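Undergrad: First the structure, which I've put down as structure tokens, then a few questions once you've had a look.
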Amino acid sequence: MPILFEAQHNPPATFFAELVGADSLLLESKEHYRKQTYRNRCLILTAQGVKPLTVPVVDGNRSEKVGIRELEIDYRQNWVHQHWRTLQTAYGGTPYFEFYADYLHDIYVKKIPLLFDLNLALLYFYLRCLRMRIPVEFTTEYHSHYDLTAMRDRRDWLTPKGVSDSEPDRTSGSDRVRPYSQTFGARFVPHLSILDLLFMQGPAAGGFLV
């Protein structure tokens with residue numbers, strides 16, 4: 001059965017766990033952008049706890065009136081350098097950071113103009129890393145509801161909840177990732193970006209998607 005998702009930025013590992021067994025991935029390409037979602041943010045684990053990384057968009061106050069495939073990234077802010085430095089600090093000592101770093105850095109420094117296209121480039125990269133051979137297709141018109149006997153609609157199934165200083169994000173959706181060793185903390189932290197799993201487990205990462 002096909003599965004429908006919005007294009008997320010460095011999606012949670014749970015996103016990829018949901019793809020296991022799906023016939024194809026259908027990406028919502030006809031929606032309007034929505035703020036405070038994983039369309040332009042991801043969660044990573046740092047020495048200070050869970051930290052969100054957010055991609056700024058042009059004219060953020062009016063961004064929700066813009067179609068998702070037309071939304072521009074705001075490169076006037078030096079977010080690429082800031083994100084990369086944060087990733088290096090958080091994951092530079094992990095077993096597989098150097099294994100993926102150059103490929104990932106190449107995507108970031110291209111300064112892809114549109115958020116959807118950046119998310120798509122990252123998605124294709126992660127699918128290759130996880131050895132997931134799943135067709136990726138795109139919606140041709142927007143529908144608020146679909147026949148759930150023909151498709152699994154997972155749009156906004158993974159969303160940030162309860163944003164605060166102490167808990168930057170909580171994630172809806174059940175976690176389907178088997179716990180693995182993480183860099184910081186004694187307890188396993190679920191719902192982190194796929195980056196956390198890849199940097200810690202490398203080519204074995206796909207085995208933790210259950």
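As shown in the structure tokens, the chain order sets the letters A, B, ...; within each chain, residues go from 1, and ligands are also counted from 1 in the order they appear.
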If you count only C-alpha atoms, which residues fall within 6 Å of Phe5 of chain A, apart from same-chain ones fewer than 2 positions away, as a list in words?

TA: Leu27, Arg154 and Arg155 of chain A

Undergrad: Output all heavy atoms for every residue in that selection, as a JSON list (two decimals), in the first residue's frame.

TA:
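Output file again-v4.json is given in full below:
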[["chain", "number", "residue", "atom", "x", "y", "z"],
["A", 27, "LEU", "N", 4.70, 11.93, -1.80],
["A", 27, "LEU", "CA", 4.97, 13.17, -1.10],
["A", 27, "LEU", "C", 3.94, 14.23, -1.46],
["A", 27, "LEU", "O", 3.63, 14.44, -2.64],
["A", 27, "LEU", "CB", 6.37, 13.70, -1.44],
["A", 27, "LEU", "CG", 7.56, 12.97, -0.83],
["A", 27, "LEU", "CD1", 8.86, 13.62, -1.28],
["A", 27, "LEU", "CD2", 7.49, 12.94, 0.69],
["A", 154, "ARG", "N", -0.17, 9.70, 6.22],
["A", 154, "ARG", "CA", 0.66, 10.03, 7.37],
["A", 154, "ARG", "C", 1.04, 11.52, 7.39],
["A", 154, "ARG", "O", 1.98, 11.90, 8.06],
["A", 154, "ARG", "CB", 1.92, 9.17, 7.39],
["A", 154, "ARG", "CG", 1.67, 7.71, 7.81],
["A", 154, "ARG", "CD", 1.29, 7.67, 9.26],
["A", 154, "ARG", "NE", 1.24, 6.31, 9.79],
["A", 154, "ARG", "CZ", 0.13, 5.68, 10.13],
["A", 154, "ARG", "NH1", -1.05, 6.27, 9.91],
["A", 154, "ARG", "NH2", 0.17, 4.47, 10.64],
["A", 155, "ARG", "N", 0.30, 12.35, 6.70],
["A", 155, "ARG", "CA", 0.58, 13.79, 6.74],
["A", 155, "ARG", "C", 0.34, 14.32, 8.14],
["A", 155, "ARG", "O", -0.69, 14.08, 8.76],
["A", 155, "ARG", "CB", -0.31, 14.53, 5.74],
["A", 155, "ARG", "CG", 0.04, 14.27, 4.29],
["A", 155, "ARG", "CD", -0.95, 14.92, 3.35],
["A", 155, "ARG", "NE", -2.30, 14.37, 3.54],
["A", 155, "ARG", "CZ", -3.38, 14.78, 2.87],
["A", 155, "ARG", "NH1", -3.27, 15.74, 1.97],
["A", 155, "ARG", "NH2", -4.55, 14.22, 3.09]]

Undergrad: Pick out the residues sitting within 7 Å of Ala90 of chain A, and hand them over as a CSV table (one decimal) with all heavy atoms, in the first residue's frame; count only C-alpha atoms, and ignore anything fewer than 4 positions along from it in its own chain.

TA:
chain,number,residue,atom,x,y,z
A,45,LEU,N,20.4,15.4,19.1
A,45,LEU,CA,20.7,15.2,20.5
A,45,LEU,C,22.1,15.9,20.8
A,45,LEU,O,23.1,15.5,20.1
A,45,LEU,CB,20.8,13.7,20.9
A,45,LEU,CG,20.9,13.4,22.4
A,45,LEU,CD1,19.8,14.0,23.2
A,45,LEU,CD2,21.0,11.9,22.6
A,46,THR,N,22.2,16.8,21.7
A,46,THR,CA,23.4,17.4,22.1
A,46,THR,C,23.7,17.2,23.5
A,46,THR,O,22.9,16.6,24.2
A,46,THR,CB,23.3,19.0,21.8
A,46,THR,OG1,22.5,19.5,22.8
A,46,THR,CG2,22.7,19.3,20.4
A,47,ALA,N,24.9,17.7,24.0
A,47,ALA,CA,25.3,17.5,25.4
A,47,ALA,C,24.3,18.3,26.3
A,47,ALA,O,24.2,17.9,27.5
A,47,ALA,CB,26.7,18.1,25.6
A,86,THR,N,26.8,23.0,14.6
A,86,THR,CA,26.1,22.2,15.7
A,86,THR,C,26.2,20.7,15.5
A,86,THR,O,26.4,20.0,16.4
A,86,THR,CB,24.6,22.7,15.7
A,86,THR,OG1,24.6,24.1,15.9
A,86,THR,CG2,23.9,22.0,16.8

Undergrad: Nearest residue to Glu28 of chain A out of A:Leu123, A:Ile112, A:Ala13, A:Leu4, using only C-alpha atoms?

TA: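 Closest residue, counting only C-alpha atoms: A:Leu4.
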
Undergrad: So which residues touch segment 50-61 of chain A within 6 Å, counting only C-alpha atoms, skipping near sequence neighbours fewer than 3 positions away, as an mmCIF file with N, CA, C and O atoms, in the first residue's frame?

TA:
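result22.cif, written as the output of this step:
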data_model
loop_
_atom_site.group_PDB
_atom_site.id
_atom_site.type_symbol
_atom_site.label_atom_id
_atom_site.label_comp_id
_atom_site.auth_asym_id
_atom_site.auth_seq_id
_atom_site.Cartn_x
_atom_site.Cartn_y
_atom_site.Cartn_z
ATOM 1 N N ASN A 40 10.391 22.221 8.087
ATOM 2 C CA ASN A 40 11.636 23.005 8.054
ATOM 3 C C ASN A 40 12.436 22.886 9.350
ATOM 4 O O ASN A 40 13.242 23.760 9.653
ATOM 5 N N ARG A 41 12.224 21.795 10.099
ATOM 6 C CA ARG A 41 13.023 21.608 11.312
ATOM 7 C C ARG A 41 13.275 20.130 11.561
ATOM 8 O O ARG A 41 12.594 19.264 11.022
ATOM 9 N N CYS A 42 14.279 19.885 12.387
ATOM 10 C CA CYS A 42 14.582 18.520 12.807
ATOM 11 C C CYS A 42 15.104 18.565 14.234
ATOM 12 O O CYS A 42 15.433 19.640 14.757
ATOM 13 N N LEU A 43 15.174 17.401 14.867
ATOM 14 C CA LEU A 43 15.660 17.309 16.236
ATOM 15 C C LEU A 43 16.941 16.497 16.288
ATOM 16 O O LEU A 43 17.019 15.418 15.701
ATOM 17 N N ILE A 44 17.929 17.023 16.994
ATOM 18 C CA ILE A 44 19.167 16.287 17.205
ATOM 19 C C ILE A 44 19.447 16.236 18.701
ATOM 20 O O ILE A 44 18.836 16.972 19.486
ATOM 21 N N LEU A 45 20.393 15.380 19.093
ATOM 22 C CA LEU A 45 20.748 15.228 20.497
ATOM 23 C C LEU A 45 22.117 15.853 20.751
ATOM 24 O O LEU A 45 23.095 15.506 20.082
ATOM 25 N N GLU A 72 10.751 29.642 -0.597
ATOM 26 C CA GLU A 72 12.192 29.861 -0.682
ATOM 27 C C GLU A 72 12.853 29.818 0.695
ATOM 28 O O GLU A 72 12.276 30.240 1.696
ATOM 29 N N ILE A 73 14.076 29.314 0.711
ATOM 30 C CA ILE A 73 14.892 29.320 1.925
ATOM 31 C C ILE A 73 15.577 30.676 2.054
ATOM 32 O O ILE A 73 16.009 31.272 1.063
ATOM 33 N N ASP A 74 15.675 31.181 3.275
ATOM 34 C CA ASP A 74 16.292 32.478 3.530
ATOM 35 C C ASP A 74 17.782 32.288 3.814
ATOM 36 O O ASP A 74 18.182 31.983 4.932
#

Undergrad: Need to verify the contact set: Ala121 of chain A, 12 Å, only C-alpha atoms, exclusion of same-chain residues closer than 2 positions in sequence. Can you return it as an MDAnalysis selection string?

TA: chainID A and resid 7:10 103:108 110:119 123:128 136

Undergrad: Just the selected residues (N, CA, C and O atoms), exported as a JSON list (two decimals), in the first residue's frame, please.

TA:
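The file below, result-v8.json, is the result:
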[["chain", "number", "residue", "atom", "x", "y", "z"],
["A", 7, "ALA", "N", 6.87, 16.46, 2.91],
["A", 7, "ALA", "CA", 8.33, 16.46, 2.80],
["A", 7, "ALA", "C", 8.91, 17.10, 4.06],
["A", 7, "ALA", "O", 8.74, 18.30, 4.29],
["A", 8, "GLN", "N", 9.61, 16.31, 4.86],
["A", 8, "GLN", "CA", 10.16, 16.79, 6.12],
["A", 8, "GLN", "C", 11.66, 17.04, 5.99],
["A", 8, "GLN", "O", 12.33, 16.47, 5.13],
["A", 9, "HIS", "N", 12.16, 17.89, 6.87],
["A", 9, "HIS", "CA", 13.58, 18.24, 6.86],
["A", 9, "HIS", "C", 14.34, 17.31, 7.80],
["A", 9, "HIS", "O", 14.10, 17.31, 9.01],
["A", 10, "ASN", "N", 15.27, 16.53, 7.27],
["A", 10, "ASN", "CA", 16.00, 15.53, 8.09],
["A", 10, "ASN", "C", 15.00, 14.78, 8.97],
["A", 10, "ASN", "O", 15.04, 14.88, 10.20],
["A", 103, "TYR", "N", 29.25, 13.82, 2.16],
["A", 103, "TYR", "CA", 28.07, 13.75, 1.28],
["A", 103, "TYR", "C", 26.99, 14.72, 1.76],
["A", 103, "TYR", "O", 26.37, 15.43, 0.96],
["A", 104, "LEU", "N", 26.79, 14.74, 3.07],
["A", 104, "LEU", "CA", 25.77, 15.61, 3.65],
["A", 104, "LEU", "C", 26.16, 17.08, 3.49],
["A", 104, "LEU", "O", 25.33, 17.92, 3.10],
["A", 105, "HIS", "N", 27.41, 17.38, 3.73],
["A", 105, "HIS", "CA", 27.89, 18.77, 3.61],
["A", 105, "HIS", "C", 27.73, 19.27, 2.18],
["A", 105, "HIS", "O", 27.38, 20.44, 1.96],
["A", 106, "ASP", "N", 27.98, 18.40, 1.21],
["A", 106, "ASP", "CA", 27.84, 18.80, -0.20],
["A", 106, "ASP", "C", 26.42, 19.24, -0.51],
["A", 106, "ASP", "O", 26.21, 20.17, -1.31],
["A", 107, "ILE", "N", 25.44, 18.59, 0.09],
["A", 107, "ILE", "CA", 24.04, 18.98, -0.14],
["A", 107, "ILE", "C", 23.78, 20.36, 0.45],
["A", 107, "ILE", "O", 23.17, 21.23, -0.18],
["A", 108, "TYR", "N", 24.25, 20.59, 1.66],
["A", 108, "TYR", "CA", 24.01, 21.86, 2.34],
["A", 108, "TYR", "C", 24.66, 23.04, 1.61],
["A", 108, "TYR", "O", 24.05, 24.10, 1.46],
["A", 110, "LYS", "N", 25.32, 23.50, -1.41],
["A", 110, "LYS", "CA", 24.75, 23.84, -2.72],
["A", 110, "LYS", "C", 23.79, 25.02, -2.62],
["A", 110, "LYS", "O", 23.48, 25.65, -3.62],
["A", 111, "LYS", "N", 23.31, 25.28, -1.40],
["A", 111, "LYS", "CA", 22.33, 26.34, -1.17],
["A", 111, "LYS", "C", 21.14, 26.22, -2.13],
["A", 111, "LYS", "O", 20.81, 27.14, -2.90],
["A", 112, "ILE", "N", 20.52, 25.08, -2.08],
["A", 112, "ILE", "CA", 19.33, 24.81, -2.89],
["A", 112, "ILE", "C", 18.27, 25.85, -2.56],
["A", 112, "ILE", "O", 17.95, 26.07, -1.38],
["A", 113, "PRO", "N", 17.71, 26.54, -3.55],
["A", 113, "PRO", "CA", 16.85, 27.70, -3.26],
["A", 113, "PRO", "C", 15.54, 27.38, -2.53],
["A", 113, "PRO", "O", 15.09, 28.17, -1.70],
["A", 114, "LEU", "N", 14.91, 26.25, -2.86],
["A", 114, "LEU", "CA", 13.57, 25.96, -2.34],
["A", 114, "LEU", "C", 13.61, 24.90, -1.24],
["A", 114, "LEU", "O", 14.35, 23.91, -1.35],
["A", 115, "LEU", "N", 12.80, 25.09, -0.22],
["A", 115, "LEU", "CA", 12.77, 24.16, 0.92],
["A", 115, "LEU", "C", 12.38, 22.76, 0.47],
["A", 115, "LEU", "O", 13.00, 21.78, 0.90],
["A", 116, "PHE", "N", 11.38, 22.64, -0.38],
["A", 116, "PHE", "CA", 10.93, 21.32, -0.82],
["A", 116, "PHE", "C", 12.06, 20.58, -1.52],
["A", 116, "PHE", "O", 12.27, 19.38, -1.29],
["A", 117, "ASP", "N", 12.83, 21.28, -2.35],
["A", 117, "ASP", "CA", 13.90, 20.64, -3.10],
["A", 117, "ASP", "C", 15.06, 20.24, -2.18],
["A", 117, "ASP", "O", 15.70, 19.20, -2.40],
["A", 118, "LEU", "N", 15.34, 21.05, -1.17],
["A", 118, "LEU", "CA", 16.37, 20.67, -0.19],
["A", 118, "LEU", "C", 15.93, 19.41, 0.56],
["A", 118, "LEU", "O", 16.71, 18.46, 0.71],
["A", 119, "ASN", "N", 14.68, 19.40, 1.02],
["A", 119, "ASN", "CA", 14.18, 18.23, 1.74],
["A", 119, "ASN", "C", 14.20, 16.98, 0.86],
["A", 119, "ASN", "O", 14.50, 15.88, 1.33],
["A", 123, "LEU", "N", 16.20, 13.58, 1.47],
["A", 123, "LEU", "CA", 15.43, 12.34, 1.52],
["A", 123, "LEU", "C", 16.07, 11.26, 0.64],
["A", 123, "LEU", "O", 16.24, 10.11, 1.07],
["A", 124, "TYR", "N", 16.40, 11.61, -0.59],
["A", 124, "TYR", "CA", 17.03, 10.65, -1.50],
["A", 124, "TYR", "C", 18.35, 10.13, -0.92],
["A", 124, "TYR", "O", 18.67, 8.95, -1.04],
["A", 125, "PHE", "N", 19.10, 11.03, -0.29],
["A", 125, "PHE", "CA", 20.36, 10.64, 0.33],
["A", 125, "PHE", "C", 20.13, 9.61, 1.44],
["A", 125, "PHE", "O", 20.80, 8.58, 1.51],
["A", 126, "TYR", "N", 19.15, 9.88, 2.30],
["A", 126, "TYR", "CA", 18.88, 8.95, 3.40],
["A", 126, "TYR", "C", 18.34, 7.62, 2.91],
["A", 126, "TYR", "O", 18.68, 6.56, 3.47],
["A", 127, "LEU", "N", 17.51, 7.63, 1.88],
["A", 127, "LEU", "CA", 17.02, 6.37, 1.33],
["A", 127, "LEU", "C", 18.17, 5.51, 0.81],
["A", 127, "LEU", "O", 18.18, 4.29, 0.99],
["A", 128, "ARG", "N", 19.16, 6.15, 0.18],
["A", 128, "ARG", "CA", 20.34, 5.40, -0.27],
["A", 128, "ARG", "C", 21.12, 4.86, 0.91],
["A", 128, "ARG", "O", 21.56, 3.70, 0.90],
["A", 136, "VAL", "N", 9.46, 7.02, -5.17],
["A", 136, "VAL", "CA", 8.99, 8.29, -4.61],
["A", 136, "VAL", "C", 8.17, 9.00, -5.68],
["A", 136, "VAL", "O", 8.66, 9.26, -6.78]]

Undergrad: Using atom CA of Pro11 of chain A and atom CA of Ile194 of chain A as the two end points, give the distance in Å to one decimal.

TA: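 Between atom CA of Pro11 of chain A and atom CA of Ile194 of chain A the gap is 6.0 Å.
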
Undergrad: Could you check which of A:Val20, A:Leu120, A:Ile134, A:Leu71 is closest to Glu6 of chain A, using only C-alpha atoms?

TA: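 The closest residue to Glu6 of chain A is A:Leu120.
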
Undergrad: Measuring between only C-alpha atoms, which one of A:Ala205, A:Val66, A:Ile3, A:Leu195 shows the shortest distance to Phe138 of chain A?

TA: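 Looking only at the distances to Phe138 of chain A, the closest residue turns out to be A:Ile3.
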